[in-house]
Structures are given as structure tokens and as C-alpha cells.
$ cat final25.cif   # mmCIF, C-alpha atoms and all ligand atoms
data_final
#
loop_
_atom_site.group_PDB
_atom_site.id
_atom_site.type_symbol
_atom_site.label_atom_id
_atom_site.label_comp_id
_atom_site.auth_asym_id
_atom_site.auth_seq_id
_atom_site.Cartn_x
_atom_site.Cartn_y
_atom_site.Cartn_z
ATOM 1 C CA MET A 1 19.904 -20.745 -26.339
ATOM 2 C CA PRO A 2 17.201 -21.837 -28.757
ATOM 3 C CA ASP A 3 15.238 -24.730 -27.330
ATOM 4 C CA LEU A 4 13.941 -26.374 -30.496
ATOM 5 C CA GLU A 5 16.038 -28.652 -32.658
ATOM 6 C CA ALA A 6 15.943 -30.569 -35.903
ATOM 7 C CA GLU A 7 18.316 -33.206 -37.199
ATOM 8 C CA PHE A 8 20.111 -32.263 -40.415
ATOM 9 C CA ARG A 9 22.059 -34.357 -42.862
ATOM 10 C CA CYS A 10 23.576 -32.884 -46.004
ATOM 11 C CA TYR A 11 24.633 -34.968 -48.958
ATOM 12 C CA ALA A 12 27.424 -35.122 -51.520
ATOM 13 C CA GLU A 13 29.174 -31.852 -52.382
ATOM 14 C CA LEU A 14 26.976 -29.850 -49.984
ATOM 15 C CA ASN A 15 29.419 -31.054 -47.343
ATOM 16 C CA ASP A 16 31.963 -28.669 -48.862
ATOM 17 C CA PHE A 17 30.118 -25.889 -47.016
ATOM 18 C CA LEU A 18 30.088 -27.543 -43.607
ATOM 19 C CA PRO A 19 32.691 -27.432 -40.856
ATOM 20 C CA GLN A 20 34.431 -30.596 -39.673
ATOM 21 C CA GLY A 21 32.101 -32.556 -37.441
ATOM 22 C CA ARG A 22 29.080 -31.747 -39.584
ATOM 23 C CA LYS A 23 30.417 -33.208 -42.816
ATOM 24 C CA HIS A 24 28.839 -36.508 -43.919
ATOM 25 C CA ALA A 25 27.085 -36.867 -40.597
ATOM 26 C CA SER A 26 23.815 -36.037 -38.932
ATOM 27 C CA PHE A 27 23.901 -32.987 -36.707
ATOM 28 C CA ARG A 28 21.492 -31.007 -34.551
ATOM 29 C CA TYR A 29 20.290 -27.638 -35.757
ATOM 30 C CA ARG A 30 18.838 -25.507 -32.949
ATOM 31 C CA PHE A 31 16.258 -22.843 -33.665
ATOM 32 C CA ASP A 32 13.546 -20.643 -32.225
ATOM 33 C CA GLY A 33 10.086 -20.171 -33.663
ATOM 34 C CA ALA A 34 9.410 -21.716 -37.065
ATOM 35 C CA PRO A 35 12.059 -20.655 -39.576
ATOM 36 C CA SER A 36 11.693 -21.698 -43.195
ATOM 37 C CA VAL A 37 13.833 -24.650 -44.147
ATOM 38 C CA LYS A 38 15.538 -22.353 -46.671
ATOM 39 C CA ASP A 39 16.659 -19.969 -43.913
ATOM 40 C CA ALA A 40 17.825 -22.888 -41.808
ATOM 41 C CA ILE A 41 19.880 -24.348 -44.672
ATOM 42 C CA GLU A 42 21.517 -20.981 -45.314
ATOM 43 C CA ALA A 43 22.174 -20.510 -41.597
ATOM 44 C CA VAL A 44 24.036 -23.807 -41.686
ATOM 45 C CA GLY A 45 26.219 -22.301 -44.440
ATOM 46 C CA ILE A 46 24.816 -23.681 -47.680
ATOM 47 C CA PRO A 47 23.620 -21.195 -50.357
ATOM 48 C CA HIS A 48 20.104 -22.112 -51.506
ATOM 49 C CA THR A 49 21.233 -22.227 -55.148
ATOM 50 C CA GLU A 50 23.287 -25.336 -54.319
ATOM 51 C CA VAL A 51 20.228 -27.239 -53.138
ATOM 52 C CA ASP A 52 17.799 -29.093 -55.346
ATOM 53 C CA LEU A 53 15.881 -31.361 -53.004
ATOM 54 C CA VAL A 54 14.911 -31.249 -49.340
ATOM 55 C CA LEU A 55 13.291 -34.156 -47.560
ATOM 56 C CA VAL A 56 11.655 -33.653 -44.173
ATOM 57 C CA ASP A 57 10.924 -36.945 -42.450
ATOM 58 C CA GLY A 58 11.248 -38.583 -45.852
ATOM 59 C CA GLU A 59 8.820 -36.304 -47.700
ATOM 60 C CA SER A 60 9.983 -33.718 -50.231
ATOM 61 C CA VAL A 61 9.142 -30.146 -49.263
ATOM 62 C CA GLY A 62 9.529 -26.664 -50.732
ATOM 63 C CA PHE A 63 11.901 -24.028 -49.397
ATOM 64 C CA ASP A 64 8.999 -22.394 -47.572
ATOM 65 C CA HIS A 65 8.420 -25.394 -45.310
ATOM 66 C CA HIS A 66 8.479 -24.255 -41.679
ATOM 67 C CA LEU A 67 10.744 -26.251 -39.483
ATOM 68 C CA ARG A 68 9.251 -28.029 -36.471
ATOM 69 C CA HIS A 69 10.905 -29.531 -33.443
ATOM 70 C CA GLY A 70 12.164 -33.063 -33.955
ATOM 71 C CA GLU A 71 12.061 -33.113 -37.741
ATOM 72 C CA ARG A 72 14.702 -34.932 -39.749
ATOM 73 C CA VAL A 73 15.913 -32.827 -42.658
ATOM 74 C CA SER A 74 17.902 -34.295 -45.579
ATOM 75 C CA VAL A 75 19.401 -31.803 -47.992
ATOM 76 C CA PHE A 76 20.549 -32.802 -51.475
ATOM 77 C CA PRO A 77 22.499 -30.925 -54.143
ATOM 78 C CA VAL A 78 21.510 -30.499 -57.774
ATOM 79 C CA PHE A 79 21.393 -33.879 -59.451
ATOM 80 C CA GLU A 80 22.405 -34.001 -63.054
ATOM 81 C CA SER A 81 22.174 -37.731 -63.535
ATOM 82 C CA LEU A 82 19.576 -38.981 -61.076
ATOM 83 C CA ASP A 83 15.912 -38.815 -61.962
ATOM 84 C CA ILE A 84 14.009 -37.240 -59.100
ATOM 85 C CA SER A 85 11.154 -35.948 -61.247
ATOM 86 C CA SER A 86 8.551 -37.565 -59.001
ATOM 87 C CA LEU A 87 9.729 -35.415 -56.091
ATOM 88 C CA VAL A 88 9.430 -31.677 -55.511
ATOM 89 C CA ARG A 89 12.338 -30.040 -57.240
ATOM 90 C CA LEU A 90 13.071 -26.693 -55.719
ATOM 91 C CA ARG A 91 13.804 -25.067 -59.024
ATOM 92 C CA GLU A 92 11.264 -25.245 -61.820
ATOM 93 C CA LYS A 93 13.762 -26.288 -64.413
ATOM 94 C CA PRO A 94 17.399 -25.847 -65.235
ATOM 95 C CA LEU A 95 18.245 -22.739 -67.207
ATOM 96 C CA ARG A 96 18.965 -24.591 -70.391
ATOM 97 C CA SER A 97 20.248 -21.566 -72.225
ATOM 98 C CA SER A 98 23.353 -21.773 -70.005
ATOM 99 C CA LYS A 99 24.218 -18.086 -69.911
ATOM 100 C CA PHE A 100 26.438 -16.923 -67.094
ATOM 101 C CA VAL A 101 27.484 -13.907 -65.083
ATOM 102 C CA LEU A 102 30.759 -14.236 -63.178
ATOM 103 C CA ASP A 103 32.107 -12.437 -60.159
ATOM 104 C CA VAL A 104 35.204 -10.259 -60.313
ATOM 105 C CA HIS A 105 37.552 -13.051 -59.226
ATOM 106 C CA LEU A 106 36.737 -15.317 -62.156
ATOM 107 C CA GLY A 107 38.189 -13.435 -65.142
ATOM 108 C CA LYS A 108 40.198 -16.399 -66.424
ATOM 109 C CA LEU A 109 37.247 -18.737 -66.108
ATOM 110 C CA ALA A 110 35.185 -16.189 -68.076
ATOM 111 C CA ARG A 111 37.692 -16.338 -70.934
ATOM 112 C CA LEU A 112 37.744 -20.137 -70.940
ATOM 113 C CA LEU A 113 33.962 -20.393 -70.961
ATOM 114 C CA ARG A 114 33.760 -17.934 -73.852
ATOM 115 C CA MET A 115 36.383 -19.950 -75.680
ATOM 116 C CA LEU A 116 34.004 -22.904 -75.429
ATOM 117 C CA GLY A 117 31.232 -20.772 -76.897
ATOM 118 C CA PHE A 118 29.271 -19.853 -73.776
ATOM 119 C CA ASP A 119 27.624 -16.488 -73.267
ATOM 120 C CA VAL A 120 29.499 -15.031 -70.297
ATOM 121 C CA LEU A 121 29.300 -11.584 -68.741
ATOM 122 C CA HIS A 122 32.156 -10.504 -66.533
ATOM 123 C CA LYS A 123 33.625 -7.191 -65.544
ATOM 124 C CA GLY A 124 36.586 -6.493 -63.294
ATOM 125 C CA ASP A 125 34.577 -3.921 -61.346
ATOM 126 C CA TYR A 126 31.245 -5.688 -60.864
ATOM 127 C CA ASP A 127 29.755 -5.216 -57.432
ATOM 128 C CA ASP A 128 27.397 -7.752 -55.857
ATOM 129 C CA PRO A 129 24.118 -5.860 -56.485
ATOM 130 C CA GLU A 130 25.040 -5.507 -60.163
ATOM 131 C CA ILE A 131 25.740 -9.230 -60.531
ATOM 132 C CA VAL A 132 22.480 -10.098 -58.796
ATOM 133 C CA ALA A 133 20.549 -7.677 -61.004
ATOM 134 C CA VAL A 134 22.104 -8.947 -64.241
ATOM 135 C CA SER A 135 21.439 -12.518 -63.198
ATOM 136 C CA ALA A 136 17.764 -11.836 -62.504
ATOM 137 C CA ALA A 137 17.147 -9.625 -65.544
ATOM 138 C CA GLU A 138 18.796 -11.923 -68.091
ATOM 139 C CA ALA A 139 18.245 -15.349 -66.473
ATOM 140 C CA ARG A 140 21.972 -15.873 -66.094
ATOM 141 C CA ILE A 141 23.588 -18.443 -63.838
ATOM 142 C CA VAL A 142 25.846 -16.795 -61.243
ATOM 143 C CA LEU A 143 29.289 -18.344 -60.865
ATOM 144 C CA THR A 144 31.190 -17.079 -57.869
ATOM 145 C CA ARG A 145 33.917 -17.771 -55.329
ATOM 146 C CA ASP A 146 31.845 -15.852 -52.776
ATOM 147 C CA ARG A 147 29.120 -18.027 -51.315
ATOM 148 C CA GLY A 148 27.449 -14.996 -49.725
ATOM 149 C CA LEU A 149 26.520 -13.788 -53.189
ATOM 150 C CA LEU A 150 24.443 -16.935 -53.726
ATOM 151 C CA LYS A 151 22.349 -16.187 -50.662
ATOM 152 C CA HIS A 152 20.673 -13.225 -52.346
ATOM 153 C CA LYS A 153 17.018 -14.003 -52.818
ATOM 154 C CA ALA A 154 16.993 -12.813 -56.441
ATOM 155 C CA VAL A 155 19.620 -15.359 -57.444
ATOM 156 C CA THR A 156 17.796 -18.517 -58.497
ATOM 157 C CA HIS A 157 20.584 -20.322 -60.342
ATOM 158 C CA GLY A 158 24.135 -20.196 -59.188
ATOM 159 C CA TYR A 159 27.164 -22.192 -58.263
ATOM 160 C CA TRP A 160 29.963 -21.710 -55.777
ATOM 161 C CA VAL A 161 33.162 -22.511 -57.668
ATOM 162 C CA ARG A 162 35.349 -24.647 -55.387
ATOM 163 C CA SER A 163 38.696 -24.631 -57.148
ATOM 164 C CA ALA A 164 41.053 -21.653 -57.347
ATOM 165 C CA GLN A 165 42.614 -22.887 -60.612
ATOM 166 C CA PRO A 166 40.909 -21.773 -63.848
ATOM 167 C CA ARG A 167 41.414 -25.127 -65.605
ATOM 168 C CA ASP A 168 39.917 -27.008 -62.686
ATOM 169 C CA GLN A 169 37.159 -24.418 -62.432
ATOM 170 C CA ILE A 170 36.076 -24.954 -66.009
ATOM 171 C CA ALA A 171 36.010 -28.725 -65.544
ATOM 172 C CA GLU A 172 33.886 -28.197 -62.422
ATOM 173 C CA VAL A 173 31.395 -25.933 -64.190
ATOM 174 C CA LEU A 174 31.050 -28.222 -67.214
ATOM 175 C CA ALA A 175 30.327 -31.167 -64.922
ATOM 176 C CA ARG A 176 27.999 -29.329 -62.582
ATOM 177 C CA PHE A 177 25.734 -27.991 -65.357
ATOM 178 C CA ASP A 178 26.305 -30.903 -67.756
ATOM 179 C CA LEU A 179 27.391 -28.543 -70.514
ATOM 180 C CA TYR A 180 29.374 -30.933 -72.687
ATOM 181 C CA SER A 181 26.789 -31.101 -75.474
ATOM 182 C CA GLN A 182 26.652 -27.295 -75.650
ATOM 183 C CA ILE A 183 30.345 -26.738 -76.231
ATOM 184 C CA ALA A 184 30.845 -24.786 -79.465
ATOM 185 C CA PRO A 185 34.433 -23.587 -79.423
ATOM 186 C CA PHE A 186 35.775 -20.424 -81.025
ATOM 187 C CA ARG A 187 32.437 -18.737 -81.645
ATOM 188 C CA ARG A 188 32.829 -16.039 -79.015
ATOM 189 C CA CYS A 189 35.426 -13.409 -78.338
ATOM 190 C CA MET A 190 37.371 -14.311 -75.202
ATOM 191 C CA VAL A 191 37.890 -10.654 -74.393
ATOM 192 C CA CYS A 192 34.396 -9.200 -74.678
ATOM 193 C CA ASN A 193 31.868 -12.025 -75.313
ATOM 194 C CA GLY A 194 31.087 -10.708 -78.825
ATOM 195 C CA HIS A 195 30.476 -13.083 -81.733
ATOM 196 C CA ILE A 196 33.356 -14.248 -83.904
ATOM 197 C CA GLU A 197 32.906 -13.838 -87.667
ATOM 198 C CA SER A 198 35.066 -14.869 -90.538
ATOM 199 C CA ILE A 199 36.655 -12.050 -92.596
ATOM 200 C CA ASP A 200 38.779 -11.864 -95.732
ATOM 201 C CA LYS A 201 42.507 -11.665 -95.360
ATOM 202 C CA SER A 202 42.414 -8.414 -97.299
ATOM 203 C CA GLN A 203 40.215 -6.828 -94.625
ATOM 204 C CA ALA A 204 42.590 -7.924 -91.868
ATOM 205 C CA TRP A 205 45.788 -7.096 -93.793
ATOM 206 C CA ASP A 206 46.636 -3.726 -92.288
ATOM 207 C CA ARG A 207 46.471 -5.093 -88.766
ATOM 208 C CA LEU A 208 48.544 -8.241 -89.319
ATOM 209 C CA PRO A 209 52.138 -8.801 -88.233
ATOM 210 C CA GLU A 210 54.463 -9.647 -91.086
ATOM 211 C CA LYS A 211 54.811 -13.347 -90.224
ATOM 212 C CA THR A 212 51.086 -13.784 -89.815
ATOM 213 C CA ARG A 213 50.531 -12.344 -93.297
ATOM 214 C CA ARG A 214 52.926 -14.920 -94.650
ATOM 215 C CA TYR A 215 51.708 -18.068 -92.856
ATOM 216 C CA TYR A 216 47.961 -17.671 -92.350
ATOM 217 C CA ASP A 217 45.028 -17.252 -94.690
ATOM 218 C CA GLU A 218 41.949 -17.663 -92.509
ATOM 219 C CA PHE A 219 40.974 -14.796 -90.259
ATOM 220 C CA TYR A 220 38.202 -14.039 -87.832
ATOM 221 C CA THR A 221 37.133 -10.931 -86.023
ATOM 222 C CA CYS A 222 34.984 -10.069 -83.055
ATOM 223 C CA SER A 223 31.775 -8.344 -84.074
ATOM 224 C CA ASP A 224 32.004 -6.040 -81.050
ATOM 225 C CA CYS A 225 35.611 -5.182 -80.157
ATOM 226 C CA ARG A 226 37.083 -6.043 -83.604
ATOM 227 C CA LYS A 227 39.858 -8.179 -82.098
ATOM 228 C CA LEU A 228 41.443 -10.322 -84.800
ATOM 229 C CA TYR A 229 41.800 -14.080 -84.456
ATOM 230 C CA TRP A 230 43.695 -16.618 -86.512
ATOM 231 C CA LYS A 231 44.690 -20.212 -85.953
ATOM 232 C CA GLY A 232 48.195 -19.740 -84.603
ATOM 233 C CA SER A 233 49.971 -21.641 -81.854
ATOM 234 C CA HIS A 234 47.592 -20.263 -79.251
ATOM 235 C CA TYR A 235 44.722 -21.787 -81.199
ATOM 236 C CA ARG A 236 46.348 -25.230 -81.118
ATOM 237 C CA HIS A 237 46.809 -25.026 -77.350
ATOM 238 C CA MET A 238 43.156 -24.138 -77.018
ATOM 239 C CA GLN A 239 42.111 -27.009 -79.285
ATOM 240 C CA ALA A 240 44.006 -29.425 -77.050
ATOM 241 C CA LEU A 241 42.324 -27.977 -73.976
ATOM 242 C CA VAL A 242 38.874 -28.217 -75.534
ATOM 243 C CA ARG A 243 39.496 -31.885 -76.369
ATOM 244 C CA ARG A 244 40.622 -32.596 -72.825
ATOM 245 C CA LEU A 245 37.506 -30.956 -71.479
ATOM 246 C CA GLY A 246 35.315 -33.182 -73.598
ATOM 247 C CA GLY A 247 34.276 -30.884 -76.437
ATOM 248 C CA ALA A 248 34.438 -31.538 -80.146
ATOM 249 C CA VAL A 249 36.619 -29.066 -82.006
ATOM 250 C CA GLY A 250 34.843 -27.824 -85.086
ATOM 251 C CA ARG A 251 35.528 -24.969 -87.455
HETATM 252 ZN ZN ZN B 1 35.506 -8.865 -78.635
#

$ encode --input "final25.cif" --output "C-alpha cells"
Amino acid sequence: MPDLEAEFRCYAELNDFLPQGRKHASFRYRFDGAPSVKDAIEAVGIPHTEVDLVLVDGESVGFDHHLRHGERVSVFPVFESLDISSLVRLREKPLRSSKFVLDVHLGKLARLLRMLGFDVLHKGDYDDPEIVAVSAAEARIVLTRDRGLLKHKAVTHGYWVRSAQPRDQIAEVLARFDLYSQIAPFRRCMVCNGHIESIDKSQAWDRLPEKTRRYYDEFYTCSDCRKLYWKGSHYRHMQALVRRLGGAVGR
């Protein structure tokens, strides 16, 4: 049994990672030696990417702070609305480009994010090392249902998606990263993340169903996979969804 202990308290949505009894309450964390506060937080169950501020006895510290017996540790999630610029933020700055890489379980969320114009990589056969590598190489935010993935050292920006429902997931991600001002719907292909370009009806003609030829005049195509898009009933459903999510529908 380790004989040193610190008192931990985790705030706001970080409690999602804690078992009953540790949620919204102070608890004792027992340890040996002098682990980094980052290792201690992950041992408690919280991926480091979820954490933006750590106070030890009221002072902000970096992840490399070594825990000492008797310290009081307060752990805070990423704040989008609260100014903590005078304290030590654990991440240098948010990745404002808002590019993402998603784990294999989040295919529908990938399509919704692309629909809103975000640059999203996702493959049905990604393995963890590949996601970590893509995230590090291209400065992409990892979105995952697997909190273990966020404990990889190379992942600096990530988020554990709580909901299992794609429409709740997208609302969660927009709120967490404050993406509302970056929504630019119908610029990216939902299937492959390519760019959507306008094309003449004559260029699309051969690939159009009879009714579509009759009722529609504006056509778009994906620059990569050549999928055709037009503003049919599916488009109107998507417009309604975009409005509900807080985006302006242009184009
Ligand atoms: Zn495409």
C-alpha cells in the first residue's frame, strides 16, 4: 500500500471520468515516490487532453509537477468562456484550425462535421497508432469514444465524446471547441472530406436520374471522389440540422 497521499478534486465535466464517490468531491490519491501530476491525473482515469489547468495548493503548475505528500490538487477542464490567461495553461494555445481525426466508431459524426465544413479524417479501419500519428503529424484534434487513446503522449489535443448519438455528439463537439463561428456548411464532401465545387448541369447530365434532371439546375461535385450533390430533400433536412446546431446556412 502506498504510504503517501494527496487530496484531489476534479471539476465540471472531468467528473464524467470518475467513479461514484469521487465525483464532485475531494478524495485521497495514494502514491509512492514522486509521480508527475500528469501521471496521477491519468491514473485517476482522466485523459490529459481533457485537462487545461491544475492547481496545487492554489498555485497553477505544469503537468511535470511532482506530487508531494499532503498536497491539494484541483483539476480543471478546458475552459472556453473563462479567462484564465494569467494562470499556467497546460496547452500553449487551442488548435484554431480545428482539423480533426476520428476513431473508427465515429463515422456518422465524421459525416456531420464534414457537412458543417470541417476538415475531418476518418477511416473504418484506423488503428490507434495510426490515429495518434496522423494527429501529431497534421496537428489534428482527436475525437474518440475510447479514453485510452487520449492517454498517448503524442496526442496534445483531443476530446472524449460522451454521447453515443451522432446528433448529440456533434452538439457536444461544437460546444467543447466553440466552433460555431467556423461552421461553413456544404463545402466538404461528407463521404471523403474532399472539397465541393460547383459544376454545370451539362457536365453532370449523364449521371443524373431522370427526375433530378427535370427539377434541379444547380449541381456540385466532390473534387476527390466525384460524388454529385444537388439541393434535394436531403439538403433541406441538412439545412434544418445546421440551423438547429447554430450555424448560418449559406450557399
Ligand atoms: Zn468525396

$ residues_near_ligand --input "final25.cif" --ligand "ligand ZN 1 (chain B)" --cutoff "10 Å" --atoms "only C-alpha atoms and all ligand atoms" --output "VMD selection string"
chain A and resid 188 to 196 221 to 228

$ atom_distance --input "final25.cif" --atom1 "CA of Gln203 in chain A" --atom2 "CA of Met238 in chain A"
24.9 Å

$ axis_aligned_box --input "final25.cif" --around "range 222-235 of chain A" --padding-each-side "6 Å" --output "lines of an AutoDock Vina configuration file"
center_x = 40.9
center_y = -13.5
center_z = -82.9
size_x = 30.2
size_y = 28.6
size_z = 19.3

$ atom_distance --input "final25.cif" --atom1 "CA of Phe31 in chain A" --atom2 "CA of Asp3 in chain A"
6.7 Å

$ atom_distance --input "final25.cif" --atom1 "CA of Leu112 in chain A" --atom2 "CA of Leu245 in chain A"
10.8 Å

$ residues_around --input "final25.cif" --residues "Ala25 in chain A" --least-positions-apart "6" --cutoff "10 Å" --atoms "only C-alpha atoms" --output "MDAnalysis selection string"
chainID A and resid 8:11 15

$ closest_residue --input "final25.cif" --among "A:Pro47, A:Gly70, A:Pro129, A:Gly232" --to "His157 in chain A" --atoms "all atoms listed in the file"
A:Pro47

$ residues_around --input "final25.cif" --residues "Arg147 in chain A" --least-positions-apart "2" --cutoff "12 Å" --atoms "all atoms listed in the file" --output "list in words"
Asp16, Phe17, Glu42, Gly45, Ile46, Pro47, His48, Thr49, Glu50, Asp103, Asp128, Val142, Leu143, Thr144, Arg145, Leu149, Leu150, Lys151, His152, Val155, Gly158, Tyr159, Trp160, Val161 and Arg162 of chain A

$ write_last_selection --input "final25.cif" --atoms "C-alpha atoms" --output "short mmCIF file (atom, residue, chain, number, x, y, z; two decimals), in the frame of the given file"
data_model
loop_
_atom_site.label_atom_id
_atom_site.label_comp_id
_atom_site.auth_asym_id
_atom_site.auth_seq_id
_atom_site.Cartn_x
_atom_site.Cartn_y
_atom_site.Cartn_z
CA ASP A 16 31.96 -28.67 -48.86
CA PHE A 17 30.12 -25.89 -47.02
CA GLU A 42 21.52 -20.98 -45.31
CA GLY A 45 26.22 -22.30 -44.44
CA ILE A 46 24.82 -23.68 -47.68
CA PRO A 47 23.62 -21.20 -50.36
CA HIS A 48 20.10 -22.11 -51.51
CA THR A 49 21.23 -22.23 -55.15
CA GLU A 50 23.29 -25.34 -54.32
CA ASP A 103 32.11 -12.44 -60.16
CA ASP A 128 27.40 -7.75 -55.86
CA VAL A 142 25.85 -16.80 -61.24
CA LEU A 143 29.29 -18.34 -60.86
CA THR A 144 31.19 -17.08 -57.87
CA ARG A 145 33.92 -17.77 -55.33
CA LEU A 149 26.52 -13.79 -53.19
CA LEU A 150 24.44 -16.93 -53.73
CA LYS A 151 22.35 -16.19 -50.66
CA HIS A 152 20.67 -13.22 -52.35
CA VAL A 155 19.62 -15.36 -57.44
CA GLY A 158 24.14 -20.20 -59.19
CA TYR A 159 27.16 -22.19 -58.26
CA TRP A 160 29.96 -21.71 -55.78
CA VAL A 161 33.16 -22.51 -57.67
CA ARG A 162 35.35 -24.65 -55.39
#

$ resolve_selection --input "final25.cif" --expression "the PyMOL selection byres (((chain A and resi 57) around 8) and not hetatm)" --output "list of chain:residue names"
A:Leu55, A:Val56, A:Gly58, A:Glu59, A:Glu71, A:Arg72, A:Val73

$ resolve_selection --input "final25.cif" --expression "the PyMOL selection byres (((chain A and resi 173) around 12) and not hetatm)" --output "number ranges by chain"
A: 98, 100, 102, 109-110, 112-113, 116, 118, 141-144, 158-163, 166-172, 174-180, 245

$ residues_around --input "final25.cif" --residues "Asp39 in chain A" --least-positions-apart "5" --cutoff "9 Å" --atoms "all atoms listed in the file" --output "NGL selection string"
:A and (44 or 48 or 63-64)

$ closest_residue --input "final25.cif" --among "A:Arg28, A:Ser135, A:Asp217, A:Thr156" --to "Asp52 in chain A" --atoms "all atoms listed in the file"
A:Thr156

$ closest_residue --input "final25.cif" --among "A:Glu197, A:Arg140, A:Ala240, A:Gly148" --to "Ala43 in chain A" --atoms "all atoms listed in the file"
A:Gly148

$ resolve_selection --input "final25.cif" --expression "the PyMOL selection byres (((chain A and resi 4) around 8) and not hetatm)" --output "PyMOL selection string"
chain A and resi 2-3+5-6+30-33+68-70

$ closest_residue --input "final25.cif" --among "A:His105, A:His24, A:Arg114, A:Arg187" --to "Ser74 in chain A" --atoms "all atoms listed in the file"
A:His24
